[in-house]
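Enquirer: So I've got this file, input_28.cif, and it contains mmCIF, C-alpha atoms:
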```
data_my_file
loop_
_atom_site.label_atom_id
_atom_site.label_comp_id
_atom_site.auth_asym_id
_atom_site.auth_seq_id
_atom_site.Cartn_x
_atom_site.Cartn_y
_atom_site.Cartn_z
CA MET I 27 -9.87 -2.13 -6.00
CA VAL I 28 -10.05 1.25 -7.72
CA ALA I 29 -12.98 1.42 -10.14
CA GLU I 30 -12.14 4.65 -11.95
CA LYS I 31 -9.08 6.47 -13.21
CA ILE I 32 -7.36 9.05 -11.06
CA LYS I 33 -7.22 12.23 -13.13
CA LEU I 34 -4.03 14.32 -13.03
CA VAL I 35 -2.37 17.12 -14.99
CA ALA I 36 1.08 16.80 -16.58
CA GLY I 37 3.82 18.62 -14.70
CA ASP I 38 1.97 18.69 -11.36
CA THR I 39 3.40 17.29 -8.12
CA ARG I 40 0.08 17.27 -6.26
CA PRO I 41 -2.34 15.93 -5.14
CA GLN I 42 -0.84 13.59 -2.63
CA LEU I 43 -2.09 10.04 -3.20
CA VAL I 44 -3.49 8.39 -0.04
CA LEU I 45 -3.79 4.59 -0.03
CA SER I 46 -5.71 2.18 2.18
CA ILE I 47 -4.16 -1.23 1.58
CA THR I 48 -6.20 -4.29 2.51
CA ASP I 49 -5.86 -8.04 2.11
CA ASP I 50 -8.03 -9.25 -0.80
CA VAL I 51 -8.98 -12.45 1.03
CA THR I 52 -9.77 -11.18 4.54
CA GLY I 53 -10.61 -7.55 3.79
CA PHE I 54 -8.51 -6.50 6.79
CA PRO I 55 -5.87 -3.79 6.52
CA ILE I 56 -2.32 -4.97 5.86
CA ASP I 57 -0.09 -3.93 8.76
CA LEU I 58 2.69 -1.76 7.34
CA SER I 59 3.97 -0.49 10.69
CA ALA I 60 7.07 -2.64 11.27
CA PRO I 61 10.37 -0.77 11.00
CA GLY I 62 12.00 -1.75 7.72
CA THR I 63 8.69 -2.27 5.92
CA SER I 64 8.60 -0.14 2.76
CA ILE I 65 5.89 0.65 0.23
CA ILE I 66 6.47 1.80 -3.34
CA LEU I 67 4.32 2.61 -6.34
CA LYS I 68 5.72 1.60 -9.73
CA LEU I 69 4.30 3.79 -12.50
CA ARG I 70 4.28 2.92 -16.18
CA LYS I 71 2.47 4.04 -19.30
CA VAL I 72 -0.28 1.63 -20.39
CA GLY I 73 1.08 -0.75 -23.03
CA VAL I 74 4.72 -0.05 -22.13
CA ARG I 75 6.82 -2.52 -20.11
CA ASP I 76 9.39 0.00 -18.82
CA ILE I 77 8.77 1.60 -15.43
CA LYS I 78 8.53 5.39 -15.77
CA ALA I 79 8.91 6.13 -12.04
CA THR I 80 9.29 4.31 -8.74
CA LEU I 81 7.75 6.38 -5.96
CA ALA I 82 8.29 5.81 -2.25
CA CYS I 83 5.29 5.88 0.06
CA GLY I 84 5.15 6.95 3.70
CA LYS I 85 3.03 5.41 6.45
CA LEU I 86 -0.09 7.10 7.85
CA ALA I 87 -1.92 6.61 11.12
CA GLY I 88 -5.55 5.51 11.13
CA VAL I 89 -7.70 2.92 9.41
CA LEU I 90 -10.43 3.48 6.83
CA THR I 91 -13.75 2.35 8.29
CA SER I 92 -16.68 0.87 6.38
CA SER I 93 -18.46 4.25 6.71
CA GLY I 94 -15.59 5.99 4.91
CA ASN I 95 -14.20 7.72 7.99
CA ILE I 96 -10.69 7.41 9.40
CA ASP I 97 -10.38 5.87 12.89
CA TYR I 98 -7.24 7.04 14.71
CA THR I 99 -7.98 5.35 18.05
CA GLY I 100 -6.28 2.45 19.82
CA ILE I 101 -3.74 0.53 17.77
CA TYR I 102 -4.59 2.64 14.70
CA ALA I 103 -2.85 5.67 16.22
CA ALA I 104 0.46 4.12 15.04
CA PRO I 105 1.41 4.88 11.42
CA GLY I 106 0.89 1.92 9.09
CA VAL I 107 -1.04 -0.39 11.42
CA GLY I 108 -4.30 0.35 9.59
CA GLY I 109 -2.78 -0.21 6.13
CA ARG I 110 -2.71 3.49 5.26
CA ALA I 111 0.09 5.07 3.24
CA PHE I 112 0.71 8.23 1.23
CA MET I 113 2.74 9.12 -1.84
CA ASP I 114 3.92 12.46 -3.18
CA TRP I 115 4.56 12.83 -6.91
CA THR I 116 8.18 13.54 -7.76
CA PRO I 117 9.10 16.12 -10.41
CA GLY I 118 9.05 14.38 -13.78
CA ALA I 119 6.77 11.50 -12.78
CA LEU I 120 3.80 13.23 -14.42
CA ASP I 121 5.66 15.04 -17.20
CA THR I 122 3.86 13.36 -20.12
CA GLU I 123 0.15 13.10 -20.86
CA GLY I 124 -1.41 9.69 -21.37
CA GLU I 125 -2.88 6.64 -19.67
CA TYR I 126 -0.83 5.12 -16.85
CA GLU I 127 -1.07 2.27 -14.38
CA GLY I 128 0.50 1.91 -10.96
CA GLU I 129 1.48 -1.18 -9.01
CA ILE I 130 1.80 -1.12 -5.21
CA GLU I 131 4.62 -3.25 -3.81
CA ILE I 132 5.26 -3.83 -0.11
CA THR I 133 8.61 -5.12 1.10
CA PHE I 134 8.41 -6.35 4.68
CA ALA I 135 11.26 -6.17 7.19
CA ASP I 136 11.95 -9.91 6.77
CA GLY I 137 12.51 -9.41 3.01
CA GLY I 138 9.13 -10.80 1.97
CA ILE I 139 7.43 -8.98 -0.91
CA HIS I 140 3.69 -8.55 -1.40
CA THR I 141 2.55 -6.98 -4.67
CA ILE I 142 -1.05 -5.80 -4.69
CA PHE I 143 -2.81 -7.55 -7.58
CA ASP I 144 -5.14 -4.73 -8.64
CA THR I 145 -3.42 -1.80 -10.33
CA LEU I 146 -4.24 1.87 -9.97
CA LYS I 147 -5.32 3.63 -13.16
CA PHE I 148 -4.30 7.19 -14.01
CA LYS I 149 -5.20 9.61 -16.79
CA VAL I 150 -2.77 12.50 -17.24
CA ARG I 151 -3.83 15.40 -19.43
CA ALA I 152 -1.56 18.08 -20.89
CA GLN I 153 -1.07 21.50 -19.25
CA TYR I 154 -2.60 24.52 -20.96
#
```
Could the structure of this file be written out as C-alpha cells, please?
Expert:
Amino acid sequence: MVAEKIKLVAGDTRPQLVLSITDDVTGFPIDLSAPGTSIILKLRKVGVRDIKATLACGKLAGVLTSSGNIDYTGIYAAPGVGGRAFMDWTPGALDTEGEYEGEIEITFADGGIHTIFDTLKFKVRAQY
C-alpha cells in the first residue's frame, strides 16, 4: 500500500514508475513472468469516473527485500518473477494538474484478471 501521494509535474514523461506487486494475504510477490501476462495502470482524476489514460507496464527482474534492496539472484533473475514492473508516462497522461488515482490491473495468460485493491495516489502540479 502506498501511504503518500506521488508528486509529478504536468507535461512531464518522467520519472519512470517502478512497482513491486505483492499479494495482500500472503505478502509474497505476485509472479508476473508468464508469457501473455500483462500489467496496466488505469489513471483517472479523483472524483471522475472516466479513465484519463491506460498505461502499459513492463516486467522487471528482481524482488524487493524486507531491507529495501533488490535481490536479482536465483529465480528472481527472470523479469516479473519477483512481482516487479515499470511504467513510463505517455505524452498527455500528465497534461493537466490535479489529484489523480491509479489502479493496477494484471491480466494473466489464462485470461484471469487480478485488480490490486489499493490505489496509487498522484498529485500533479502545473508547469511554470
Enquirer: Please write as a list of chain:residue names the full residue list that the PyMOL selection byres ((chain I and resi 90) around 12) yields on this file.
Expert: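 Applied to this file, the PyMOL selection byres ((chain I and resi 90) around 12) selects I:Val44, I:Leu45, I:Ser46, I:Ile47, I:Thr48, I:Gly53, I:Phe54, I:Pro55, I:Ile56, I:Leu86, I:Ala87, I:Gly88, I:Val89, I:Thr91, I:Ser92, I:Ser93, I:Gly94, I:Asn95, I:Ile96, I:Asp97, I:Tyr98, I:Thr99, I:Tyr102, I:Gly106, I:Val107, I:Gly108, I:Gly109, I:Arg110, I:Ala111.
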Enquirer: In terms of the shortest atom-to-atom distance over all atoms listed in the file, which of I:Asp136, I:Glu127, I:Asp76, I:Asp144 is closest to Ile32 (chain I)?
Expert: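 Closest residue, counting all atoms listed in the file: I:Glu127.
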Enquirer: Between CA of Asp49 (chain I) and CA of Gly138 (chain I), measure the distance and give it in Å to one decimal.
Expert: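 Calculated distance between CA of Asp49 (chain I) and CA of Gly138 (chain I) is 15.2 Å.
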Enquirer: To test your reading of the syntax: which residues would the PyMOL selection byres ((chain I and resi 60) around 10) return for the file shown? Reply as a list in words.
Expert: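 After applying the PyMOL selection byres ((chain I and resi 60) around 10), what remains is Asp57, Leu58, Ser59, Pro61, Gly62, Thr63, Ser64, Pro105, Gly106, Val107, Phe134, Ala135 and Asp136 of chain I.
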Enquirer: Measuring between only C-alpha atoms, which one of I:Leu34, I:Pro41, I:Glu123, I:Ile130 shows the shortest distance to Thr80 (chain I)?
Expert: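 Using only C-alpha atoms, Thr80 (chain I) sits closest to I:Ile130.
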Enquirer: Just how far from CA of Gly84 (chain I) is CA of Ile101 (chain I), in Å to one decimal?
Expert: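 Calculated distance between CA of Ile101 (chain I) and CA of Gly84 (chain I) is 17.8 Å.
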Enquirer: For Val74 (chain I), list every protein, DNA or RNA residue within 10 Å, evaluated using all atoms listed in the file, and leave out those in the same chain fewer than 3 positions away; present the list as number ranges by chain.
Expert: I: 70-71, 77-78, 126-127
Enquirer: Smallest atom-to-atom distance to Gln42 (chain I): which of I:Leu146, I:Ala79, I:Gln153, I:Thr116, using all atoms listed in the file?
Expert: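 Checking each candidate against Gln42 (chain I), we get I:Thr116 as the closest.
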Enquirer: What's around Leu43 (chain I) at 8 Å? Count only C-alpha atoms, leave out sequence neighbours fewer than 5 positions away in its own chain, and write the answer as a PDB file with C-alpha atoms, in the frame of the given file.
Expert:
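And here is the file that came out, out_13.pdb:
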```pdb
ATOM      1  CA  PHE I 112       0.710   8.230   1.230  1.00  0.00           C
ATOM      2  CA  MET I 113       2.740   9.120  -1.840  1.00  0.00           C
ATOM      3  CA  ASP I 114       3.920  12.460  -3.180  1.00  0.00           C
TER       4      ASP I 114
END
```
Enquirer: Which residues come within 12 Å of Tyr154 (chain I), counting all atoms listed in the file, excluding same-chain residues fewer than 3 positions away, as a ChimeraX atom specification?
Expert: /I:35-37,123,151
Enquirer: Rounded to one decimal, what separation in Å do you get between CA of Phe148 (chain I) and CA of Glu125 (chain I)?
Expert: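 Between these atoms lies a distance of 5.9 Å.
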Enquirer: So which one's closest to Ala119 (chain I), I:Lys31, I:Val51, I:Ile65, I:Val150? Using all atoms listed in the file, please.
Expert: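 Selected residue with least distance to Ala119 (chain I): I:Val150.
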Enquirer: Could you check which of I:Val72, I:Ala104, I:Leu120, I:Leu81 is closest to Ala152 (chain I), using all atoms listed in the file?
Expert: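 For Ala152 (chain I), the nearest of the candidates is I:Leu120.
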Enquirer: So, with only C-alpha atoms as the atoms that count, which of I:Cys83, I:Thr141, I:Lys149, I:Gly100 lies closest to Gly124 (chain I)?
Expert: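 Distance minimum relative to Gly124 (chain I) lands on I:Lys149.
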Enquirer: Within 7 Å of Thr145 (chain I), counting all atoms listed in the file, which residues qualify if same-chain residues fewer than 2 places away don't, as a ChimeraX atom specification?
Expert: /I:127-129,143,147
